$ cat structure-v1.csv   # CSV, C-alpha atoms and all ligand atoms
chain,number,residue,atom,x,y,z
A,10,MET,CA,-10.0,-71.4,-31.2
A,11,SER,CA,-8.2,-68.1,-31.0
A,12,ASP,CA,-6.8,-67.7,-34.5
A,13,PRO,CA,-5.7,-64.1,-35.5
A,14,ALA,CA,-5.3,-64.8,-39.2
A,15,GLY,CA,-8.6,-66.5,-39.4
A,16,ALA,CA,-10.3,-63.7,-37.5
A,17,VAL,CA,-8.9,-61.1,-40.0
A,18,VAL,CA,-10.3,-63.2,-43.0
A,19,ALA,CA,-13.6,-63.5,-41.2
A,20,ALA,CA,-13.7,-59.7,-40.6
A,21,LEU,CA,-13.1,-59.0,-44.3
A,22,PHE,CA,-15.8,-61.5,-45.3
A,23,GLY,CA,-18.1,-59.9,-42.7
A,24,ALA,CA,-17.5,-56.4,-44.1
A,25,ALA,CA,-18.6,-57.7,-47.6
A,26,ILE,CA,-21.7,-59.4,-46.1
A,27,GLY,CA,-22.3,-56.1,-44.2
A,28,SER,CA,-22.4,-54.3,-47.5
A,29,PHE,CA,-25.2,-56.7,-48.6
A,30,LEU,CA,-27.0,-56.2,-45.3
A,31,ASN,CA,-27.1,-52.5,-46.2
A,32,VAL,CA,-28.8,-53.3,-49.4
A,33,CYS,CA,-31.4,-55.3,-47.5
A,34,ILE,CA,-31.9,-52.5,-44.9
A,35,HIS,CA,-32.4,-50.0,-47.7
A,36,ARG,CA,-34.6,-52.1,-50.0
A,37,LEU,CA,-36.7,-54.5,-47.9
A,38,PRO,CA,-38.9,-51.8,-46.4
A,39,LEU,CA,-39.5,-50.4,-49.9
A,40,GLY,CA,-40.5,-53.8,-51.2
A,41,GLN,CA,-37.7,-53.8,-53.7
A,42,SER,CA,-35.6,-56.7,-54.9
A,43,ILE,CA,-32.4,-57.2,-52.9
A,44,VAL,CA,-30.7,-58.8,-55.9
A,45,ARG,CA,-31.2,-56.4,-58.7
A,46,PRO,CA,-30.5,-53.7,-59.9
A,47,ARG,CA,-27.0,-52.6,-59.0
A,48,SER,CA,-26.6,-50.2,-56.1
A,49,ALA,CA,-27.0,-46.5,-57.0
A,50,CYS,CA,-26.8,-43.2,-55.3
A,51,PRO,CA,-30.3,-42.5,-53.9
A,52,SER,CA,-29.8,-38.8,-54.8
A,53,CYS,CA,-28.5,-38.7,-58.4
A,54,ARG,CA,-29.3,-42.3,-59.3
A,55,ALA,CA,-25.7,-42.8,-60.6
A,56,GLU,CA,-24.8,-46.5,-60.5
A,57,LEU,CA,-22.0,-47.3,-58.1
A,58,SER,CA,-18.8,-48.6,-59.7
A,59,TRP,CA,-17.1,-51.5,-57.9
A,60,SER,CA,-14.5,-49.2,-56.6
A,61,ASP,CA,-17.1,-47.0,-55.0
A,62,ASN,CA,-18.7,-50.1,-53.4
A,63,VAL,CA,-15.8,-51.4,-51.4
A,64,PRO,CA,-17.0,-51.9,-47.8
A,65,LEU,CA,-15.7,-49.2,-45.4
A,66,VAL,CA,-12.8,-48.2,-47.7
A,67,SER,CA,-15.0,-46.4,-50.2
A,68,TYR,CA,-16.9,-44.5,-47.6
A,69,LEU,CA,-13.6,-43.2,-46.1
A,70,LEU,CA,-12.0,-42.4,-49.5
A,71,LEU,CA,-15.2,-40.6,-50.6
A,72,ARG,CA,-15.4,-38.8,-47.2
A,73,GLY,CA,-19.0,-39.9,-46.9
A,74,ARG,CA,-20.2,-38.2,-50.1
A,75,CYS,CA,-21.4,-39.4,-53.6
A,76,ARG,CA,-18.6,-39.0,-56.1
A,77,ARG,CA,-20.9,-37.5,-58.7
A,78,CYS,CA,-23.4,-35.3,-56.9
A,79,GLY,CA,-21.7,-34.8,-53.5
A,80,ALA,CA,-24.9,-35.9,-51.6
A,81,PRO,CA,-24.0,-37.2,-48.2
A,82,ILE,CA,-24.0,-41.0,-47.8
A,83,SER,CA,-25.7,-42.2,-44.6
A,84,ALA,CA,-23.3,-43.1,-41.8
A,85,ARG,CA,-25.4,-46.3,-41.5
A,86,TYR,CA,-23.4,-47.8,-44.3
A,87,PRO,CA,-20.0,-47.9,-42.7
A,88,ILE,CA,-21.5,-48.6,-39.3
A,89,VAL,CA,-23.3,-51.7,-40.5
A,90,GLU,CA,-20.2,-52.9,-42.4
A,91,ALA,CA,-17.9,-52.4,-39.4
A,92,LEU,CA,-20.5,-54.0,-37.1
A,93,THR,CA,-20.8,-57.1,-39.3
A,94,ALA,CA,-17.0,-57.3,-39.7
A,95,ALA,CA,-16.7,-57.3,-35.9
A,96,LEU,CA,-19.5,-59.9,-35.5
A,97,PHE,CA,-17.8,-62.3,-37.9
A,98,ALA,CA,-14.3,-61.8,-36.3
A,99,ALA,CA,-15.7,-62.2,-32.8
A,100,CYS,CA,-17.7,-65.4,-33.6
A,101,TRP,CA,-14.7,-66.9,-35.4
A,102,TRP,CA,-12.5,-66.1,-32.5
A,103,GLN,CA,-15.0,-67.7,-30.1
A,104,PHE,CA,-16.2,-70.7,-32.1
A,105,GLY,CA,-13.8,-71.4,-35.0
A,106,PHE,CA,-15.5,-72.8,-38.1
A,107,SER,CA,-18.4,-74.8,-36.6
A,108,PRO,CA,-22.2,-75.0,-36.7
A,109,LEU,CA,-22.3,-72.6,-33.8
A,110,PHE,CA,-20.2,-70.1,-35.7
A,111,LEU,CA,-22.6,-70.3,-38.7
A,112,SER,CA,-25.7,-70.1,-36.4
A,113,ARG,CA,-24.4,-67.1,-34.6
A,114,ILE,CA,-23.4,-65.1,-37.7
A,115,VAL,CA,-26.8,-65.8,-39.3
A,116,LEU,CA,-28.6,-64.7,-36.2
A,117,GLY,CA,-26.3,-61.6,-35.9
A,118,CYS,CA,-26.9,-60.6,-39.5
A,119,ALA,CA,-30.7,-60.9,-39.0
A,120,LEU,CA,-30.6,-58.9,-35.8
A,121,ILE,CA,-28.5,-56.1,-37.5
A,122,VAL,CA,-31.0,-55.8,-40.4
A,123,LEU,CA,-34.1,-55.9,-38.1
A,124,PHE,CA,-32.4,-53.4,-35.7
A,125,ALA,CA,-31.8,-50.9,-38.5
A,126,ILE,CA,-35.2,-51.3,-40.3
A,127,ASP,CA,-37.2,-51.1,-37.1
A,128,LEU,CA,-35.4,-48.0,-35.9
A,129,GLU,CA,-36.1,-46.2,-39.2
A,130,HIS,CA,-39.5,-47.6,-40.3
A,131,TYR,CA,-41.1,-49.3,-37.3
A,132,LEU,CA,-41.2,-52.4,-39.3
A,133,LEU,CA,-39.9,-55.9,-38.9
A,134,PRO,CA,-40.2,-57.7,-42.3
A,135,ASN,CA,-41.5,-61.2,-42.4
A,136,ALA,CA,-38.9,-61.8,-45.1
A,137,ILE,CA,-36.3,-61.9,-42.2
A,138,THR,CA,-38.3,-63.2,-39.2
A,139,LEU,CA,-40.1,-66.2,-40.8
A,140,PRO,CA,-37.1,-67.8,-42.7
A,141,GLY,CA,-35.0,-66.8,-39.7
A,142,THR,CA,-37.2,-68.9,-37.4
A,143,VAL,CA,-36.9,-72.0,-39.7
A,144,VAL,CA,-33.1,-71.6,-40.0
A,145,GLY,CA,-32.7,-71.2,-36.3
A,146,PHE,CA,-34.7,-74.3,-35.6
A,147,ALA,CA,-32.7,-76.2,-38.2
A,148,PHE,CA,-29.3,-75.2,-36.6
A,149,SER,CA,-30.6,-76.4,-33.3
A,150,PHE,CA,-30.2,-80.0,-34.5
A,151,LEU,CA,-26.4,-79.4,-34.9
A,152,GLY,CA,-25.6,-77.7,-31.6
A,153,PRO,CA,-26.8,-75.5,-28.8
A,154,PRO,CA,-29.5,-74.9,-27.6
A,155,GLY,CA,-30.8,-78.3,-29.0
A,156,TRP,CA,-34.0,-78.8,-30.9
A,157,MET,CA,-36.3,-79.1,-27.8
A,158,SER,CA,-35.1,-75.8,-26.3
A,159,SER,CA,-35.3,-74.2,-29.8
A,160,LEU,CA,-38.9,-75.4,-30.3
A,161,LEU,CA,-39.8,-74.2,-26.8
A,162,GLY,CA,-38.1,-70.9,-27.6
A,163,ILE,CA,-40.3,-70.3,-30.6
A,164,LEU,CA,-43.4,-71.1,-28.6
A,165,VAL,CA,-42.4,-69.3,-25.4
A,166,GLY,CA,-40.8,-66.3,-27.2
A,167,GLY,CA,-43.7,-65.8,-29.6
A,168,GLY,CA,-46.3,-66.8,-27.0
A,169,ILE,CA,-45.3,-64.3,-24.3
A,170,LEU,CA,-45.3,-61.3,-26.7
A,171,PHE,CA,-48.5,-62.4,-28.4
A,172,THR,CA,-50.2,-62.6,-25.0
A,173,ILE,CA,-48.9,-59.2,-24.0
A,174,ALA,CA,-49.9,-57.7,-27.3
A,175,GLU,CA,-53.4,-59.2,-26.9
A,176,LEU,CA,-53.8,-58.0,-23.3
A,177,TYR,CA,-52.6,-54.5,-24.2
A,178,TYR,CA,-55.0,-54.3,-27.0
A,179,ARG,CA,-58.0,-55.4,-24.8
A,180,VAL,CA,-57.1,-52.9,-22.1
A,181,ARG,CA,-56.0,-49.9,-24.1
A,182,HIS,CA,-57.9,-50.6,-27.4
A,183,GLU,CA,-54.9,-49.7,-29.4
A,184,GLU,CA,-51.9,-51.6,-30.7
A,185,GLY,CA,-48.9,-51.5,-28.4
A,186,LEU,CA,-46.9,-54.3,-29.8
A,187,GLY,CA,-47.0,-55.4,-33.4
A,188,MET,CA,-47.0,-59.0,-34.7
A,189,GLY,CA,-43.5,-58.3,-36.1
A,190,ASP,CA,-42.2,-58.1,-32.5
A,191,VAL,CA,-44.0,-61.5,-31.8
A,192,LYS,CA,-42.3,-63.1,-34.8
A,193,MET,CA,-39.0,-61.6,-34.0
A,194,LEU,CA,-38.8,-63.0,-30.5
A,195,ALA,CA,-40.0,-66.4,-31.8
A,196,MET,CA,-37.0,-66.2,-34.2
A,197,ILE,CA,-34.6,-65.3,-31.4
A,198,GLY,CA,-36.0,-68.2,-29.4
A,199,ALA,CA,-35.4,-70.6,-32.3
A,200,PHE,CA,-31.7,-69.6,-32.3
A,201,LEU,CA,-31.0,-69.2,-28.6
A,202,GLY,CA,-33.5,-71.5,-26.9
A,203,TRP,CA,-36.4,-70.6,-24.5
A,204,LYS,CA,-34.2,-69.5,-21.5
A,205,LEU,CA,-32.2,-66.9,-23.5
A,206,ALA,CA,-35.5,-65.8,-25.2
A,207,ILE,CA,-36.8,-64.8,-21.8
A,208,VAL,CA,-33.5,-63.2,-20.9
A,209,THR,CA,-33.7,-61.3,-24.2
A,210,LEU,CA,-37.2,-60.0,-23.4
A,211,MET,CA,-36.1,-58.9,-20.0
A,212,LEU,CA,-33.0,-57.0,-21.2
A,213,ALA,CA,-35.0,-55.4,-24.1
A,214,SER,CA,-37.8,-54.3,-21.7
A,215,VAL,CA,-35.3,-52.7,-19.3
A,216,ALA,CA,-33.4,-51.0,-22.1
A,217,GLY,CA,-36.7,-49.8,-23.6
A,218,ALA,CA,-37.9,-48.5,-20.3
A,219,VAL,CA,-34.7,-46.7,-19.6
A,220,ILE,CA,-34.6,-45.0,-23.0
A,221,GLY,CA,-38.3,-44.3,-22.8
A,222,LEU,CA,-37.9,-42.6,-19.4
A,223,LEU,CA,-34.9,-40.6,-20.7
A,224,LEU,CA,-37.0,-39.4,-23.7
A,225,ILE,CA,-39.8,-38.3,-21.3
A,226,ALA,CA,-37.4,-36.7,-18.9
A,227,THR,CA,-35.8,-34.7,-21.6
A,228,ARG,CA,-39.3,-33.9,-23.0
A,229,ARG,CA,-38.5,-35.4,-26.3
A,230,GLY,CA,-41.4,-37.7,-26.1
A,231,ASP,CA,-44.5,-38.4,-24.0
A,232,MET,CA,-46.0,-41.5,-22.6
A,233,LYS,CA,-47.3,-42.5,-26.0
A,234,TYR,CA,-44.1,-41.9,-27.9
A,235,ALA,CA,-43.7,-45.1,-29.8
A,236,LEU,CA,-40.4,-47.0,-29.3
A,237,PRO,CA,-39.2,-49.4,-32.0
A,238,PHE,CA,-39.3,-52.5,-29.7
A,239,GLY,CA,-37.7,-54.7,-32.3
A,240,THR,CA,-34.6,-52.5,-32.0
A,241,PHE,CA,-34.4,-53.2,-28.3
A,242,LEU,CA,-35.1,-56.9,-28.9
A,243,ALA,CA,-32.1,-57.0,-31.2
A,244,LEU,CA,-29.9,-55.3,-28.5
A,245,GLY,CA,-31.3,-57.7,-25.9
A,246,ALA,CA,-30.7,-60.8,-28.0
A,247,GLY,CA,-27.1,-59.7,-28.7
A,248,MET,CA,-26.5,-59.2,-25.0
A,249,ALA,CA,-28.3,-62.5,-24.2
A,250,ALA,CA,-26.2,-64.4,-26.7
A,251,VAL,CA,-22.9,-63.1,-25.2
A,252,ALA,CA,-23.7,-62.7,-21.5
A,253,GLY,CA,-26.9,-64.6,-21.1
A,254,PRO,CA,-25.6,-68.0,-19.9
A,255,GLY,CA,-23.5,-66.2,-17.2
A,256,LEU,CA,-26.5,-64.0,-16.3
A,257,LEU,CA,-28.7,-67.1,-15.9
A,258,ASP,CA,-26.1,-68.8,-13.7
A,259,TRP,CA,-25.8,-65.8,-11.5
A,260,TYR,CA,-29.6,-65.3,-11.3
A,261,LEU,CA,-30.4,-68.9,-10.6
A,262,GLY,CA,-27.5,-69.0,-8.1
A,263,LEU,CA,-29.3,-66.4,-6.0
A,264,TYR,CA,-31.8,-69.0,-4.9
B,301,ZN,ZN,-25.1,-39.0,-56.2
$ encode --input "structure-v1.csv" --output "structure tokens" --more "lines below"
Ligand SMILES: [Zn+2]
Amino acid sequence: MSDPAGAVVAALFGAAIGSFLNVCIHRLPLGQSIVRPRSACPSCRAELSWSDNVPLVSYLLLRGRCRRCGAPISARYPIVEALTAALFAACWWQFGFSPLFLSRIVLGCALIVLFAIDLEHYLLPNAITLPGTVVGFAFSFLGPPGWMSSLLGILVGGGILFTIAELYYRVRHEEGLGMGDVKMLAMIGAFLGWKLAIVTLMLASVAGAVIGLLLIATRRGDMKYALPFGTFLALGAGMAAVAGPGLLDWYLGLY
């Protein structure tokens, strides 16, 4: 499927979609419409002209500052645009135009938005996780992991985290995991199937534990420092989608 010209077109398209993901990341936690009004500088409220709204290019030309008031533009904007461009190019390179390409870019976009919103707001909007679960299940009829594994992925992914959240609450009498995390892993299970949902949870837990211990070791947090678990689930799911099948083969081959 390796097709350089196609991958470049996919990257350009991805950068434009990334620009839209930035709108979602900024507005969903505030409960604002993602369609209207036009994008504006959060500092001086000046509406952005189309030429100030070109993915990646505008940020570089403006050197990361608003043309009118000079307020710094968050580095999140070009990072999300570059990441989405890379996602589209890589999926095109791997799958060509196919149901799996569409499924993977939709999942990737959902993960990018959830990663960024959870990191900043400790929030995983239902507006992403619930439709995401439905779309992931629908895609499973057209390709991997198949509808049975997808359905099990929703039940197992959501079920495990729901059980952990319940147990934690009973024992500690405080909320350790939110229902947003439960719905997010159900969504990941819908796209990737139950096996990779478990791989995702394991990778996310390891990453969360490592970062948590680093924060404690550097005294930037204590045992109760809240980590945005959805951010780690997004990382885990990304790794599981790319390396998960190989990891599973290796792990199961140990027995
Ligand atoms: Zn401004």
$ closest_residue --input "structure-v1.csv" --among "A:Val165, A:Ala252, A:Ala199, A:Cys75" --to "ligand ZN 301 (chain B)" --atoms "only C-alpha atoms and all ligand atoms"
A:Cys75
$ residues_near_ligand --input "structure-v1.csv" --ligand "ligand ZN 301 (chain B)" --cutoff "9 Å" --atoms "only C-alpha atoms and all ligand atoms" --output "mmCIF file with C-alpha atoms, keeping the file's coordinate frame"
data_model
loop_
_atom_site.group_PDB
_atom_site.id
_atom_site.type_symbol
_atom_site.label_atom_id
_atom_site.label_comp_id
_atom_site.auth_asym_id
_atom_site.auth_seq_id
_atom_site.Cartn_x
_atom_site.Cartn_y
_atom_site.Cartn_z
ATOM 1 C CA ALA A 49 -27.000 -46.500 -57.000
ATOM 2 C CA CYS A 50 -26.800 -43.200 -55.300
ATOM 3 C CA PRO A 51 -30.300 -42.500 -53.900
ATOM 4 C CA SER A 52 -29.800 -38.800 -54.800
ATOM 5 C CA CYS A 53 -28.500 -38.700 -58.400
ATOM 6 C CA ARG A 54 -29.300 -42.300 -59.300
ATOM 7 C CA ALA A 55 -25.700 -42.800 -60.600
ATOM 8 C CA GLU A 56 -24.800 -46.500 -60.500
ATOM 9 C CA ARG A 74 -20.200 -38.200 -50.100
ATOM 10 C CA CYS A 75 -21.400 -39.400 -53.600
ATOM 11 C CA ARG A 76 -18.600 -39.000 -56.100
ATOM 12 C CA ARG A 77 -20.900 -37.500 -58.700
ATOM 13 C CA CYS A 78 -23.400 -35.300 -56.900
ATOM 14 C CA GLY A 79 -21.700 -34.800 -53.500
ATOM 15 C CA ALA A 80 -24.900 -35.900 -51.600
ATOM 16 C CA PRO A 81 -24.000 -37.200 -48.200
ATOM 17 C CA ILE A 82 -24.000 -41.000 -47.800
#
$ atom_distance --input "structure-v1.csv" --atom1 "CA of Ser42 in chain A" --atom2 "CA of Ala95 in chain A"
26.8 Å
$ closest_residue --input "structure-v1.csv" --among "A:Ile225, A:Leu123, A:Leu139, A:Ile173" --to "Leu242 in chain A" --atoms "only C-alpha atoms"
A:Leu123
$ closest_residue --input "structure-v1.csv" --among "A:Gly15, A:Gly73, A:Gly202, A:Gly167" --to "Phe146 in chain A" --atoms "all atoms listed in the file"
A:Gly202
$ decode --input "structure-v1.csv" --residues "range 249-260 of chain A" --atoms "all heavy atoms" --output "PDB file, in the first residue's frame"
ATOM      1  N   ALA A 249      -1.131   0.177  21.610  1.00  0.00           N
ATOM      2  CA  ALA A 249      -1.779  -1.135  21.397  1.00  0.00           C
ATOM      3  C   ALA A 249      -2.167  -1.311  19.936  1.00  0.00           C
ATOM      4  O   ALA A 249      -2.009  -2.395  19.375  1.00  0.00           O
ATOM      5  CB  ALA A 249      -3.004  -1.267  22.294  1.00  0.00           C
ATOM      6  N   ALA A 250      -2.660  -0.231  19.301  1.00  0.00           N
ATOM      7  CA  ALA A 250      -3.088  -0.334  17.903  1.00  0.00           C
ATOM      8  C   ALA A 250      -1.892  -0.630  17.005  1.00  0.00           C
ATOM      9  O   ALA A 250      -1.993  -1.384  16.041  1.00  0.00           O
ATOM     10  CB  ALA A 250      -3.777   0.955  17.457  1.00  0.00           C
ATOM     11  N   VAL A 251      -0.735  -0.039  17.334  1.00  0.00           N
ATOM     12  CA  VAL A 251       0.453  -0.212  16.484  1.00  0.00           C
ATOM     13  C   VAL A 251       1.186  -1.510  16.822  1.00  0.00           C
ATOM     14  O   VAL A 251       1.472  -2.326  15.945  1.00  0.00           O
ATOM     15  CB  VAL A 251       1.408   0.995  16.644  1.00  0.00           C
ATOM     16  CG1 VAL A 251       2.692   0.752  15.873  1.00  0.00           C
ATOM     17  CG2 VAL A 251       0.714   2.274  16.160  1.00  0.00           C
ATOM     18  N   ALA A 252       1.478  -1.703  18.119  1.00  0.00           N
ATOM     19  CA  ALA A 252       2.354  -2.806  18.514  1.00  0.00           C
ATOM     20  C   ALA A 252       1.610  -3.932  19.219  1.00  0.00           C
ATOM     21  O   ALA A 252       2.198  -4.974  19.514  1.00  0.00           O
ATOM     22  CB  ALA A 252       3.470  -2.282  19.433  1.00  0.00           C
ATOM     23  N   GLY A 253       0.317  -3.740  19.494  1.00  0.00           N
ATOM     24  CA  GLY A 253      -0.437  -4.695  20.298  1.00  0.00           C
ATOM     25  C   GLY A 253      -0.444  -6.120  19.772  1.00  0.00           C
ATOM     26  O   GLY A 253      -0.153  -7.051  20.526  1.00  0.00           O
ATOM     27  N   PRO A 254      -0.761  -6.306  18.471  1.00  0.00           N
ATOM     28  CA  PRO A 254      -0.805  -7.680  17.962  1.00  0.00           C
ATOM     29  C   PRO A 254       0.531  -8.403  18.150  1.00  0.00           C
ATOM     30  O   PRO A 254       0.566  -9.553  18.572  1.00  0.00           O
ATOM     31  CB  PRO A 254      -1.140  -7.482  16.480  1.00  0.00           C
ATOM     32  CG  PRO A 254      -1.901  -6.191  16.446  1.00  0.00           C
ATOM     33  CD  PRO A 254      -1.247  -5.324  17.501  1.00  0.00           C
ATOM     34  N   GLY A 255       1.639  -7.678  17.877  1.00  0.00           N
ATOM     35  CA  GLY A 255       2.954  -8.273  18.076  1.00  0.00           C
ATOM     36  C   GLY A 255       3.212  -8.580  19.542  1.00  0.00           C
ATOM     37  O   GLY A 255       3.740  -9.641  19.890  1.00  0.00           O
ATOM     38  N   LEU A 256       2.817  -7.654  20.417  1.00  0.00           N
ATOM     39  CA  LEU A 256       2.983  -7.849  21.857  1.00  0.00           C
ATOM     40  C   LEU A 256       2.217  -9.083  22.325  1.00  0.00           C
ATOM     41  O   LEU A 256       2.726  -9.878  23.117  1.00  0.00           O
ATOM     42  CB  LEU A 256       2.439  -6.626  22.607  1.00  0.00           C
ATOM     43  CG  LEU A 256       3.405  -5.531  23.030  1.00  0.00           C
ATOM     44  CD1 LEU A 256       2.642  -4.395  23.704  1.00  0.00           C
ATOM     45  CD2 LEU A 256       4.450  -6.096  23.984  1.00  0.00           C
ATOM     46  N   LEU A 257       0.986  -9.224  21.828  1.00  0.00           N
ATOM     47  CA  LEU A 257       0.155 -10.370  22.220  1.00  0.00           C
ATOM     48  C   LEU A 257       0.802 -11.679  21.785  1.00  0.00           C
ATOM     49  O   LEU A 257       0.874 -12.636  22.558  1.00  0.00           O
ATOM     50  CB  LEU A 257      -1.238 -10.250  21.590  1.00  0.00           C
ATOM     51  CG  LEU A 257      -2.279  -9.446  22.357  1.00  0.00           C
ATOM     52  CD1 LEU A 257      -3.572  -9.409  21.557  1.00  0.00           C
ATOM     53  CD2 LEU A 257      -2.529 -10.048  23.728  1.00  0.00           C
ATOM     54  N   ASP A 258       1.302 -11.704  20.519  1.00  0.00           N
ATOM     55  CA  ASP A 258       1.960 -12.914  20.022  1.00  0.00           C
ATOM     56  C   ASP A 258       3.146 -13.281  20.898  1.00  0.00           C
ATOM     57  O   ASP A 258       3.337 -14.434  21.276  1.00  0.00           O
ATOM     58  CB  ASP A 258       2.460 -12.698  18.579  1.00  0.00           C
ATOM     59  CG  ASP A 258       1.310 -12.734  17.584  1.00  0.00           C
ATOM     60  OD1 ASP A 258       0.213 -13.165  17.983  1.00  0.00           O
ATOM     61  OD2 ASP A 258       1.511 -12.319  16.436  1.00  0.00           O
ATOM     62  N   TRP A 259       3.929 -12.246  21.237  1.00  0.00           N
ATOM     63  CA  TRP A 259       5.113 -12.481  22.047  1.00  0.00           C
ATOM     64  C   TRP A 259       4.719 -13.011  23.423  1.00  0.00           C
ATOM     65  O   TRP A 259       5.255 -14.001  23.907  1.00  0.00           O
ATOM     66  CB  TRP A 259       5.899 -11.167  22.186  1.00  0.00           C
ATOM     67  CG  TRP A 259       6.981 -11.226  23.212  1.00  0.00           C
ATOM     68  CD1 TRP A 259       8.207 -11.825  23.086  1.00  0.00           C
ATOM     69  CD2 TRP A 259       6.926 -10.682  24.533  1.00  0.00           C
ATOM     70  NE1 TRP A 259       8.920 -11.681  24.243  1.00  0.00           N
ATOM     71  CE2 TRP A 259       8.166 -10.992  25.140  1.00  0.00           C
ATOM     72  CE3 TRP A 259       5.965  -9.971  25.254  1.00  0.00           C
ATOM     73  CZ2 TRP A 259       8.455 -10.612  26.472  1.00  0.00           C
ATOM     74  CZ3 TRP A 259       6.263  -9.577  26.552  1.00  0.00           C
ATOM     75  CH2 TRP A 259       7.480  -9.904  27.150  1.00  0.00           C
ATOM     76  N   TYR A 260       3.724 -12.373  24.035  1.00  0.00           N
ATOM     77  CA  TYR A 260       3.310 -12.722  25.391  1.00  0.00           C
ATOM     78  C   TYR A 260       2.725 -14.132  25.420  1.00  0.00           C
ATOM     79  O   TYR A 260       3.084 -14.955  26.266  1.00  0.00           O
ATOM     80  CB  TYR A 260       2.283 -11.722  25.895  1.00  0.00           C
ATOM     81  CG  TYR A 260       1.861 -11.942  27.309  1.00  0.00           C
ATOM     82  CD1 TYR A 260       2.719 -11.654  28.371  1.00  0.00           C
ATOM     83  CD2 TYR A 260       0.602 -12.466  27.606  1.00  0.00           C
ATOM     84  CE1 TYR A 260       2.338 -11.858  29.673  1.00  0.00           C
ATOM     85  CE2 TYR A 260       0.205 -12.669  28.915  1.00  0.00           C
ATOM     86  CZ  TYR A 260       1.071 -12.383  29.951  1.00  0.00           C
ATOM     87  OH  TYR A 260       0.690 -12.589  31.241  1.00  0.00           O
TER      88      TYR A 260
END
